[in-house]
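J.: Just so it is clear, I am handing over upload.pdb, which has PDB, C-alpha atoms and all ligand atoms.
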```pdb
MODEL        1
ATOM      1  CA  MET A   1     166.159 -89.115 -23.255
ATOM      2  CA  THR A   2     163.652 -86.541 -24.353
ATOM      3  CA  ILE A   3     163.644 -84.996 -27.825
ATOM      4  CA  GLU A   4     163.854 -81.207 -27.681
ATOM      5  CA  LEU A   5     161.709 -79.234 -30.128
ATOM      6  CA  TYR A   6     162.587 -75.570 -30.536
ATOM      7  CA  VAL A   7     159.350 -73.937 -31.555
ATOM      8  CA  PHE A   8     157.236 -70.807 -31.701
ATOM      9  CA  PRO A   9     153.907 -72.635 -31.259
ATOM     10  CA  PRO A  10     151.633 -70.160 -33.107
ATOM     11  CA  SER A  11     153.496 -70.923 -36.372
ATOM     12  CA  PRO A  12     152.201 -73.708 -38.660
ATOM     13  CA  ARG A  13     155.809 -74.851 -39.159
ATOM     14  CA  ALA A  14     156.037 -75.409 -35.424
ATOM     15  CA  PHE A  15     152.588 -76.972 -35.336
ATOM     16  CA  LYS A  16     153.502 -79.693 -37.794
ATOM     17  CA  VAL A  17     156.458 -80.990 -35.791
ATOM     18  CA  MET A  18     154.584 -80.703 -32.476
ATOM     19  CA  ALA A  19     151.568 -82.510 -33.934
ATOM     20  CA  VAL A  20     153.683 -85.332 -35.379
ATOM     21  CA  ALA A  21     155.437 -85.803 -32.023
ATOM     22  CA  ASN A  22     152.050 -85.838 -30.261
ATOM     23  CA  HIS A  23     150.543 -88.251 -32.779
ATOM     24  CA  LEU A  24     153.455 -90.645 -32.322
ATOM     25  CA  GLY A  25     153.320 -90.304 -28.541
ATOM     26  CA  LEU A  26     157.014 -89.397 -28.394
ATOM     27  CA  ASP A  27     158.602 -88.035 -25.268
ATOM     28  CA  SER A  28     159.423 -84.478 -26.307
ATOM     29  CA  THR A  29     160.160 -81.190 -24.574
ATOM     30  CA  LEU A  30     159.212 -77.863 -26.110
ATOM     31  CA  ARG A  31     161.864 -75.139 -26.017
ATOM     32  CA  PHE A  32     160.095 -71.869 -26.667
ATOM     33  CA  ILE A  33     161.702 -69.682 -29.334
ATOM     34  CA  ASP A  34     159.887 -66.377 -29.070
ATOM     35  CA  LEU A  35     160.063 -64.793 -32.517
ATOM     36  CA  ARG A  36     158.596 -61.579 -31.056
ATOM     37  CA  LYS A  37     161.677 -61.210 -28.871
ATOM     38  CA  GLY A  38     164.176 -62.352 -31.506
ATOM     39  CA  ASP A  39     165.169 -65.558 -29.692
ATOM     40  CA  GLN A  40     165.926 -67.100 -33.095
ATOM     41  CA  LYS A  41     168.766 -64.594 -33.581
ATOM     42  CA  THR A  42     170.706 -65.396 -30.407
ATOM     43  CA  SER A  43     174.120 -66.963 -30.956
ATOM     44  CA  GLN A  44     173.046 -69.929 -28.836
ATOM     45  CA  TYR A  45     170.115 -70.701 -31.150
ATOM     46  CA  ALA A  46     172.054 -69.845 -34.333
ATOM     47  CA  ALA A  47     174.511 -72.556 -33.336
ATOM     48  CA  LEU A  48     171.625 -75.025 -33.639
ATOM     49  CA  ASN A  49     170.047 -73.532 -36.737
ATOM     50  CA  PRO A  50     172.253 -71.184 -38.788
ATOM     51  CA  ASN A  51     169.141 -70.028 -40.664
ATOM     52  CA  MET A  52     168.015 -68.389 -37.424
ATOM     53  CA  ARG A  53     164.507 -69.716 -37.971
ATOM     54  CA  MET A  54     162.454 -72.205 -36.074
ATOM     55  CA  PRO A  55     161.674 -75.095 -35.775
ATOM     56  CA  ALA A  56     164.747 -77.111 -34.856
ATOM     57  CA  LEU A  57     165.168 -80.464 -33.136
ATOM     58  CA  LYS A  58     167.821 -81.712 -30.772
ATOM     59  CA  ASP A  59     167.992 -85.361 -29.806
ATOM     60  CA  GLY A  60     171.115 -85.841 -27.711
ATOM     61  CA  ASP A  61     173.928 -84.636 -29.956
ATOM     62  CA  TYR A  62     171.805 -84.871 -33.081
ATOM     63  CA  VAL A  63     170.502 -81.545 -34.403
ATOM     64  CA  LEU A  64     168.076 -81.064 -37.303
ATOM     65  CA  TRP A  65     166.245 -78.128 -38.851
ATOM     66  CA  GLU A  66     163.565 -77.804 -41.586
ATOM     67  CA  SER A  67     160.097 -78.737 -40.375
ATOM     68  CA  ASN A  68     159.390 -81.484 -42.907
ATOM     69  CA  ALA A  69     162.778 -83.130 -42.304
ATOM     70  CA  ILE A  70     162.056 -82.995 -38.566
ATOM     71  CA  GLY A  71     158.742 -84.765 -39.225
ATOM     72  CA  GLN A  72     160.625 -87.477 -41.113
ATOM     73  CA  TYR A  73     163.093 -87.886 -38.264
ATOM     74  CA  LEU A  74     160.285 -88.198 -35.710
ATOM     75  CA  ALA A  75     158.537 -90.780 -37.898
ATOM     76  CA  THR A  76     161.671 -92.977 -37.884
ATOM     77  CA  LYS A  77     161.118 -93.394 -34.135
ATOM     78  CA  LYS A  78     157.802 -95.191 -34.766
ATOM     79  CA  PRO A  79     157.997 -96.773 -38.236
ATOM     80  CA  GLU A  80     154.921 -98.873 -37.448
ATOM     81  CA  SER A  81     152.822 -95.672 -37.411
ATOM     82  CA  GLY A  82     152.856 -95.619 -41.227
ATOM     83  CA  LEU A  83     153.362 -91.837 -41.238
ATOM     84  CA  MET A  84     156.330 -92.579 -43.498
ATOM     85  CA  PRO A  85     155.354 -95.718 -45.461
ATOM     86  CA  ARG A  86     157.853 -98.574 -45.791
ATOM     87  CA  ASP A  87     156.904 -99.203 -49.424
ATOM     88  CA  ASP A  88     159.300 -97.262 -51.685
ATOM     89  CA  LEU A  89     156.734 -95.756 -54.046
ATOM     90  CA  ALA A  90     154.339 -94.857 -51.226
ATOM     91  CA  ARG A  91     157.209 -93.191 -49.359
ATOM     92  CA  ILE A  92     158.275 -91.251 -52.443
ATOM     93  CA  ASP A  93     154.693 -90.050 -52.830
ATOM     94  CA  VAL A  94     154.730 -88.699 -49.261
ATOM     95  CA  THR A  95     158.040 -86.905 -49.824
ATOM     96  CA  ARG A  96     156.751 -85.575 -53.154
ATOM     97  CA  TRP A  97     153.903 -83.827 -51.294
ATOM     98  CA  GLN A  98     156.309 -82.588 -48.612
ATOM     99  CA  PHE A  99     158.522 -81.067 -51.324
ATOM    100  CA  TRP A 100     155.424 -79.592 -52.946
ATOM    101  CA  ASP A 101     154.482 -78.141 -49.566
ATOM    102  CA  MET A 102     157.785 -76.293 -49.288
ATOM    103  CA  ALA A 103     157.819 -75.226 -52.945
ATOM    104  CA  HIS A 104     154.184 -74.153 -53.409
ATOM    105  CA  TRP A 105     151.649 -74.597 -50.596
ATOM    106  CA  ASP A 106     153.623 -73.237 -47.631
ATOM    107  CA  PRO A 107     154.778 -70.073 -49.481
ATOM    108  CA  ALA A 108     151.261 -69.430 -50.829
ATOM    109  CA  CYS A 109     149.699 -69.729 -47.348
ATOM    110  CA  ALA A 110     152.585 -67.841 -45.741
ATOM    111  CA  VAL A 111     151.710 -64.628 -47.595
ATOM    112  CA  PHE A 112     148.297 -64.555 -45.886
ATOM    113  CA  ALA A 113     149.707 -65.753 -42.552
ATOM    114  CA  PHE A 114     152.320 -63.010 -42.616
ATOM    115  CA  GLU A 115     150.042 -60.172 -43.709
ATOM    116  CA  TYR A 116     147.034 -60.989 -41.512
ATOM    117  CA  VAL A 117     148.458 -62.858 -38.491
ATOM    118  CA  ALA A 118     152.201 -62.290 -38.067
ATOM    119  CA  LYS A 119     152.209 -58.555 -38.826
ATOM    120  CA  PRO A 120     149.670 -57.692 -36.095
ATOM    121  CA  LEU A 121     151.434 -60.083 -33.705
ATOM    122  CA  LEU A 122     154.850 -58.534 -34.375
ATOM    123  CA  GLY A 123     153.558 -54.971 -34.583
ATOM    124  CA  GLY A 124     154.296 -54.747 -38.331
ATOM    125  CA  GLY A 125     151.411 -52.544 -39.498
ATOM    126  CA  GLU A 126     148.608 -52.930 -42.036
ATOM    127  CA  PRO A 127     148.406 -55.790 -44.588
ATOM    128  CA  ASP A 128     150.087 -55.048 -47.906
ATOM    129  CA  MET A 129     147.318 -55.482 -50.486
ATOM    130  CA  VAL A 130     149.770 -55.827 -53.377
ATOM    131  CA  ALA A 131     151.342 -58.805 -51.609
ATOM    132  CA  ILE A 132     147.851 -60.209 -50.931
ATOM    133  CA  ALA A 133     146.869 -59.904 -54.605
ATOM    134  CA  LYS A 134     150.015 -61.748 -55.673
ATOM    135  CA  GLY A 135     149.499 -64.301 -52.906
ATOM    136  CA  THR A 136     145.892 -64.868 -53.965
ATOM    137  CA  GLU A 137     147.026 -65.962 -57.422
ATOM    138  CA  ALA A 138     149.621 -68.339 -55.951
ATOM    139  CA  PHE A 139     147.091 -69.657 -53.438
ATOM    140  CA  HIS A 140     144.489 -70.557 -56.061
ATOM    141  CA  ARG A 141     147.089 -72.195 -58.275
ATOM    142  CA  ALA A 142     148.248 -74.434 -55.403
ATOM    143  CA  ALA A 143     144.813 -74.998 -53.830
ATOM    144  CA  LYS A 144     143.381 -76.289 -57.130
ATOM    145  CA  VAL A 145     146.122 -78.922 -57.228
ATOM    146  CA  LEU A 146     145.610 -80.021 -53.620
ATOM    147  CA  ASP A 147     141.820 -80.030 -53.932
ATOM    148  CA  GLY A 148     142.067 -82.194 -57.053
ATOM    149  CA  GLN A 149     144.463 -84.600 -55.332
ATOM    150  CA  LEU A 150     142.113 -85.000 -52.364
ATOM    151  CA  ALA A 151     139.070 -85.895 -54.468
ATOM    152  CA  GLY A 152     138.093 -89.476 -53.644
ATOM    153  CA  LYS A 153     140.729 -89.815 -50.926
ATOM    154  CA  THR A 154     140.510 -89.462 -47.158
ATOM    155  CA  TYR A 155     144.083 -88.210 -46.910
ATOM    156  CA  VAL A 156     146.583 -86.622 -49.287
ATOM    157  CA  THR A 157     148.177 -89.833 -50.525
ATOM    158  CA  GLY A 158     145.222 -92.183 -50.088
ATOM    159  CA  ASP A 159     143.365 -93.850 -47.244
ATOM    160  CA  SER A 160     146.187 -93.679 -44.703
ATOM    161  CA  LEU A 161     147.295 -90.723 -42.638
ATOM    162  CA  THR A 162     150.913 -89.798 -43.459
ATOM    163  CA  LEU A 163     153.430 -87.032 -42.892
ATOM    164  CA  ALA A 164     152.071 -85.363 -46.033
ATOM    165  CA  ASP A 165     148.859 -84.592 -44.125
ATOM    166  CA  PHE A 166     150.708 -83.039 -41.195
ATOM    167  CA  SER A 167     152.971 -81.041 -43.523
ATOM    168  CA  LEU A 168     150.166 -79.654 -45.666
ATOM    169  CA  GLY A 169     147.410 -79.514 -43.054
ATOM    170  CA  ALA A 170     149.296 -77.393 -40.535
ATOM    171  CA  ALA A 171     148.923 -74.219 -42.598
ATOM    172  CA  MET A 172     145.150 -74.744 -42.645
ATOM    173  CA  ASN A 173     144.914 -73.911 -38.937
ATOM    174  CA  LEU A 174     145.239 -70.278 -39.988
ATOM    175  CA  ALA A 175     142.720 -70.465 -42.856
ATOM    176  CA  GLU A 176     140.157 -68.328 -41.059
ATOM    177  CA  SER A 177     142.350 -65.885 -39.152
ATOM    178  CA  ALA A 178     144.639 -65.343 -42.157
ATOM    179  CA  HIS A 179     141.713 -65.028 -44.614
ATOM    180  CA  TYR A 180     142.794 -67.725 -47.080
ATOM    181  CA  PRO A 181     140.508 -67.631 -50.133
ATOM    182  CA  ILE A 182     139.561 -71.253 -49.362
ATOM    183  CA  GLU A 183     135.825 -71.101 -50.101
ATOM    184  CA  PRO A 184     135.830 -72.928 -53.495
ATOM    185  CA  TYR A 185     137.880 -75.867 -52.218
ATOM    186  CA  GLY A 186     135.425 -78.363 -50.736
ATOM    187  CA  GLU A 187     137.849 -81.287 -50.687
ATOM    188  CA  ILE A 188     140.458 -79.313 -48.751
ATOM    189  CA  LYS A 189     137.819 -78.213 -46.233
ATOM    190  CA  ARG A 190     136.519 -81.789 -45.801
ATOM    191  CA  TRP A 191     140.080 -83.154 -45.379
ATOM    192  CA  PHE A 192     141.006 -80.473 -42.862
ATOM    193  CA  LYS A 193     137.903 -81.305 -40.795
ATOM    194  CA  THR A 194     139.163 -84.900 -40.591
ATOM    195  CA  LEU A 195     142.640 -83.761 -39.536
ATOM    196  CA  SER A 196     141.241 -81.351 -36.944
ATOM    197  CA  ALA A 197     139.386 -84.228 -35.299
ATOM    198  CA  LEU A 198     142.602 -86.188 -34.648
ATOM    199  CA  PRO A 199     143.370 -86.272 -30.906
ATOM    200  CA  ALA A 200     146.968 -85.193 -31.607
ATOM    201  CA  TRP A 201     145.719 -82.241 -33.642
ATOM    202  CA  GLN A 202     143.455 -81.130 -30.803
ATOM    203  CA  LYS A 203     146.207 -81.627 -28.229
ATOM    204  CA  THR A 204     148.623 -79.526 -30.312
ATOM    205  CA  LEU A 205     146.069 -76.769 -30.844
ATOM    206  CA  ALA A 206     145.499 -76.655 -27.088
ATOM    207  CA  ALA A 207     149.259 -76.388 -26.427
ATOM    208  CA  ARG A 208     149.480 -73.650 -29.057
ATOM    209  CA  SER A 209     146.716 -71.581 -27.542
ATOM    210  CA  ALA A 210     148.715 -71.311 -24.306
ATOM    211  CA  PHE A 211     151.098 -68.926 -26.115
TER
HETATM  212  N1  LIG B   1     161.365 -74.007 -44.441
HETATM  213  C1  LIG B   1     161.518 -73.744 -43.029
HETATM  214  C2  LIG B   1     160.925 -72.384 -42.727
HETATM  215  C3  LIG B   1     161.182 -71.943 -41.300
HETATM  216  C4  LIG B   1     160.712 -70.518 -41.096
HETATM  217  O1  LIG B   1     160.662 -69.698 -42.040
HETATM  218  N2  LIG B   1     160.368 -70.172 -39.843
HETATM  219  C5  LIG B   1     159.954 -68.830 -39.545
HETATM  220  C6  LIG B   1     158.666 -68.784 -38.751
HETATM  221  S1  LIG B   1     157.301 -69.571 -39.449
HETATM  222  C7  LIG B   1     160.958 -68.143 -38.659
HETATM  223  O2  LIG B   1     161.524 -68.766 -37.772
HETATM  224  N3  LIG B   1     161.175 -66.847 -38.890
HETATM  225  C8  LIG B   1     162.022 -66.057 -38.058
HETATM  226  C9  LIG B   1     162.762 -65.005 -38.808
HETATM  227  O3  LIG B   1     162.639 -64.959 -40.040
HETATM  228  O4  LIG B   1     163.435 -64.220 -38.167
HETATM  229  C10 LIG B   1     160.835 -74.852 -42.227
HETATM  230  O5  LIG B   1     159.821 -75.371 -42.705
HETATM  231  O6  LIG B   1     161.338 -75.219 -41.153
ENDMDL
END
```
Have the structure of the file written as structure tokens, please.
Ligand SMILES: N[C@@H](CCC(=O)N[C@@H](CS)C(=O)NCC(=O)O)C(=O)O
T.:
Amino acid sequence: MTIELYVFPPSPRAFKVMAVANHLGLDSTLRFIDLRKGDQKTSQYAALNPNMRMPALKDGDYVLWESNAIGQYLATKKPESGLMPRDDLARIDVTRWQFWDMAHWDPACAVFAFEYVAKPLLGGGEPDMVAIAKGTEAFHRAAKVLDGQLAGKTYVTGDSLTLADFSLGAAMNLAESAHYPIEPYGEIKRWFKTLSALPAWQKTLAARSAF
């Protein structure tokens, strides 16, 4: 049985679950939730995700929402991948960075993504420079932490690729188009280059560009 992923592919939150599924080679079907048309607000979709946001996953009768939780679920299908380490402390470290993603990195990047990418896409007008100024402060605060963590490591938690990389790296796809103030962060740029070279990353980007 195929796993259904309800996604709006241009979004980094969709990208991370699509990329994890691609990396693991899981049989999955994309169900397109067009945020421009308000698909997320239909009663049919709200029954899957009461937040009326994407992504969501359906695997038979099992339904899950929240992108990082979906990544964890997908990783349980291929534990040998190491995306979610078996060792307790290593696994906690991965979840720590996924929590940090939701608390700090994702919201900091989302300000830029919303103002420079989503607004034009959804016909929402000019970027709000007050929001950008506030977002810039939050971005630098978070980026300094991530850049420091990446020093001397190939990936976020060490030498192995994990879910933490998919969770945090997905937002970086929009670094250029959303004008993230990323210039001072050499470690982040080097790490993202490594992620971008992954076959699953490339495959997901190609799927995304079809929308
Ligand atoms: N924390 C959630 C965030 C999901 C989220 O905010 N999705 C946005 C798009 S990136 C959405 O569906 N927005 C539609 C709306 O607000 O109407 C996750 O990571 O899954």
J.: Once you count only C-alpha atoms and all ligand atoms, what closest atom pair and distance in Å to one decimal does each residue of chain A within 8 Å of ligand LIG 1 (chain B) have, with rows by chain and rising residue number, as CSV?
T.:
```
residue,atom,partner,partner_atom,distance
A:Phe8,CA,B:LIG1,C6,7.5
A:Ser11,CA,B:LIG1,S1,5.1
A:Pro12,CA,B:LIG1,S1,6.6
A:Arg13,CA,B:LIG1,O5,5.4
A:Ala14,CA,B:LIG1,S1,7.2
A:Leu35,CA,B:LIG1,C8,6.0
A:Gly38,CA,B:LIG1,O4,7.0
A:Gln40,CA,B:LIG1,O4,6.3
A:Lys41,CA,B:LIG1,O4,7.0
A:Met52,CA,B:LIG1,O4,6.2
A:Arg53,CA,B:LIG1,O2,3.1
A:Met54,CA,B:LIG1,O2,3.9
A:Pro55,CA,B:LIG1,O6,5.4
A:Ala56,CA,B:LIG1,O6,7.4
A:Trp65,CA,B:LIG1,O6,6.2
A:Glu66,CA,B:LIG1,O6,3.4
A:Ser67,CA,B:LIG1,O6,3.8
A:Asn68,CA,B:LIG1,O5,6.1
A:Met102,CA,B:LIG1,N1,6.4
```
J.: Take the residues that were just selected and, keeping C-alpha atoms, output them as an mmCIF file, keeping the file's coordinate frame.
T.:
```cif
data_model
loop_
_atom_site.group_PDB
_atom_site.id
_atom_site.type_symbol
_atom_site.label_atom_id
_atom_site.label_comp_id
_atom_site.auth_asym_id
_atom_site.auth_seq_id
_atom_site.Cartn_x
_atom_site.Cartn_y
_atom_site.Cartn_z
ATOM 1 C CA PHE A 8 157.236 -70.807 -31.701
ATOM 2 C CA SER A 11 153.496 -70.923 -36.372
ATOM 3 C CA PRO A 12 152.201 -73.708 -38.660
ATOM 4 C CA ARG A 13 155.809 -74.851 -39.159
ATOM 5 C CA ALA A 14 156.037 -75.409 -35.424
ATOM 6 C CA LEU A 35 160.063 -64.793 -32.517
ATOM 7 C CA GLY A 38 164.176 -62.352 -31.506
ATOM 8 C CA GLN A 40 165.926 -67.100 -33.095
ATOM 9 C CA LYS A 41 168.766 -64.594 -33.581
ATOM 10 C CA MET A 52 168.015 -68.389 -37.424
ATOM 11 C CA ARG A 53 164.507 -69.716 -37.971
ATOM 12 C CA MET A 54 162.454 -72.205 -36.074
ATOM 13 C CA PRO A 55 161.674 -75.095 -35.775
ATOM 14 C CA ALA A 56 164.747 -77.111 -34.856
ATOM 15 C CA TRP A 65 166.245 -78.128 -38.851
ATOM 16 C CA GLU A 66 163.565 -77.804 -41.586
ATOM 17 C CA SER A 67 160.097 -78.737 -40.375
ATOM 18 C CA ASN A 68 159.390 -81.484 -42.907
ATOM 19 C CA MET A 102 157.785 -76.293 -49.288
#
```
J.: What does the distance from atom CA of Arg190 of chain A to atom CA of Val156 of chain A come to in Å, to one decimal?
T.: 11.7 Å
J.: Give the answer as one residue: which of A:Lys37, A:His104, A:Arg96, A:Ala21 has the shortest atom-to-atom distance to Gly123 of chain A, using all atoms listed in the file?
T.: A:Lys37
J.: So, counting all atoms listed in the file, which residue among A:His23, A:Ala69, A:Ala46, A:Gly124 is closest to Leu195 of chain A?
T.: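 Going through A:His23, A:Ala69, A:Ala46, A:Gly124 one by one, the smallest distance to Leu195 of chain A is for A:His23.
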J.: As lines of an AutoDock Vina configuration file, what would the box around segment 18-25 of chain A look like: edges along x, y and z, 6 Å added on every side, centre and edge lengths in Å to one decimal?
T.:
```
center_x = 153.0
center_y = -85.7
center_z = -32.0
size_x = 16.9
size_y = 21.9
size_z = 18.8
```
J.: Suppose a student applies the PyMOL selection byres (((chain A and resi 150) around 12) and not hetatm) to this structure; what residues should they get, written as a PDB file with C-alpha atoms, in the frame of the given file?
T.:
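And here's expr.pdb as it stands now:
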```
ATOM      1  CA  TRP A  97     153.903 -83.827 -51.294  1.00  0.00           C
ATOM      2  CA  ALA A 143     144.813 -74.998 -53.830  1.00  0.00           C
ATOM      3  CA  LYS A 144     143.381 -76.289 -57.130  1.00  0.00           C
ATOM      4  CA  VAL A 145     146.122 -78.922 -57.228  1.00  0.00           C
ATOM      5  CA  LEU A 146     145.610 -80.021 -53.620  1.00  0.00           C
ATOM      6  CA  ASP A 147     141.820 -80.030 -53.932  1.00  0.00           C
ATOM      7  CA  GLY A 148     142.067 -82.194 -57.053  1.00  0.00           C
ATOM      8  CA  GLN A 149     144.463 -84.600 -55.332  1.00  0.00           C
ATOM      9  CA  ALA A 151     139.070 -85.895 -54.468  1.00  0.00           C
ATOM     10  CA  GLY A 152     138.093 -89.476 -53.644  1.00  0.00           C
ATOM     11  CA  LYS A 153     140.729 -89.815 -50.926  1.00  0.00           C
ATOM     12  CA  THR A 154     140.510 -89.462 -47.158  1.00  0.00           C
ATOM     13  CA  TYR A 155     144.083 -88.210 -46.910  1.00  0.00           C
ATOM     14  CA  VAL A 156     146.583 -86.622 -49.287  1.00  0.00           C
ATOM     15  CA  THR A 157     148.177 -89.833 -50.525  1.00  0.00           C
ATOM     16  CA  GLY A 158     145.222 -92.183 -50.088  1.00  0.00           C
ATOM     17  CA  ASP A 159     143.365 -93.850 -47.244  1.00  0.00           C
ATOM     18  CA  ALA A 164     152.071 -85.363 -46.033  1.00  0.00           C
ATOM     19  CA  ASP A 165     148.859 -84.592 -44.125  1.00  0.00           C
ATOM     20  CA  LEU A 168     150.166 -79.654 -45.666  1.00  0.00           C
ATOM     21  CA  TYR A 185     137.880 -75.867 -52.218  1.00  0.00           C
ATOM     22  CA  GLY A 186     135.425 -78.363 -50.736  1.00  0.00           C
ATOM     23  CA  GLU A 187     137.849 -81.287 -50.687  1.00  0.00           C
ATOM     24  CA  ILE A 188     140.458 -79.313 -48.751  1.00  0.00           C
ATOM     25  CA  LYS A 189     137.819 -78.213 -46.233  1.00  0.00           C
ATOM     26  CA  ARG A 190     136.519 -81.789 -45.801  1.00  0.00           C
ATOM     27  CA  TRP A 191     140.080 -83.154 -45.379  1.00  0.00           C
ATOM     28  CA  PHE A 192     141.006 -80.473 -42.862  1.00  0.00           C
TER      29      PHE A 192
END
```
J.: Under the PyMOL selection byres (((chain A and resi 199) around 12) and not hetatm), which residues of this model are included? Write them out as an MDAnalysis selection string.
T.: chainID A and resid 19:20 22:25 194:198 200:206
J.: Quick one: residues within 10 Å of Asp106 of chain A, all atoms listed in the file counted, chain neighbours fewer than 4 positions away excluded, as a ChimeraX atom specification?
T.: /A:12-13,98-102,110-111,113,139,142,167-172
J.: Determine the residue set returned by the PyMOL selection byres (((chain A and resi 85) around 12) and not hetatm) for the present structure, and present it as a ChimeraX atom specification.
T.: /A:72,75-76,78-84,86-95,157-158,160-164
J.: Put those residues in a file: C-alpha atoms, as a JSON list (two decimals), keeping the file's coordinate frame.
T.:
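Written file, part-v6.json:
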```
[["chain", "number", "residue", "atom", "x", "y", "z"],
["A", 72, "GLN", "CA", 160.62, -87.48, -41.11],
["A", 75, "ALA", "CA", 158.54, -90.78, -37.90],
["A", 76, "THR", "CA", 161.67, -92.98, -37.88],
["A", 78, "LYS", "CA", 157.80, -95.19, -34.77],
["A", 79, "PRO", "CA", 158.00, -96.77, -38.24],
["A", 80, "GLU", "CA", 154.92, -98.87, -37.45],
["A", 81, "SER", "CA", 152.82, -95.67, -37.41],
["A", 82, "GLY", "CA", 152.86, -95.62, -41.23],
["A", 83, "LEU", "CA", 153.36, -91.84, -41.24],
["A", 84, "MET", "CA", 156.33, -92.58, -43.50],
["A", 86, "ARG", "CA", 157.85, -98.57, -45.79],
["A", 87, "ASP", "CA", 156.90, -99.20, -49.42],
["A", 88, "ASP", "CA", 159.30, -97.26, -51.68],
["A", 89, "LEU", "CA", 156.73, -95.76, -54.05],
["A", 90, "ALA", "CA", 154.34, -94.86, -51.23],
["A", 91, "ARG", "CA", 157.21, -93.19, -49.36],
["A", 92, "ILE", "CA", 158.28, -91.25, -52.44],
["A", 93, "ASP", "CA", 154.69, -90.05, -52.83],
["A", 94, "VAL", "CA", 154.73, -88.70, -49.26],
["A", 95, "THR", "CA", 158.04, -86.90, -49.82],
["A", 157, "THR", "CA", 148.18, -89.83, -50.52],
["A", 158, "GLY", "CA", 145.22, -92.18, -50.09],
["A", 160, "SER", "CA", 146.19, -93.68, -44.70],
["A", 161, "LEU", "CA", 147.29, -90.72, -42.64],
["A", 162, "THR", "CA", 150.91, -89.80, -43.46],
["A", 163, "LEU", "CA", 153.43, -87.03, -42.89],
["A", 164, "ALA", "CA", 152.07, -85.36, -46.03]]
```
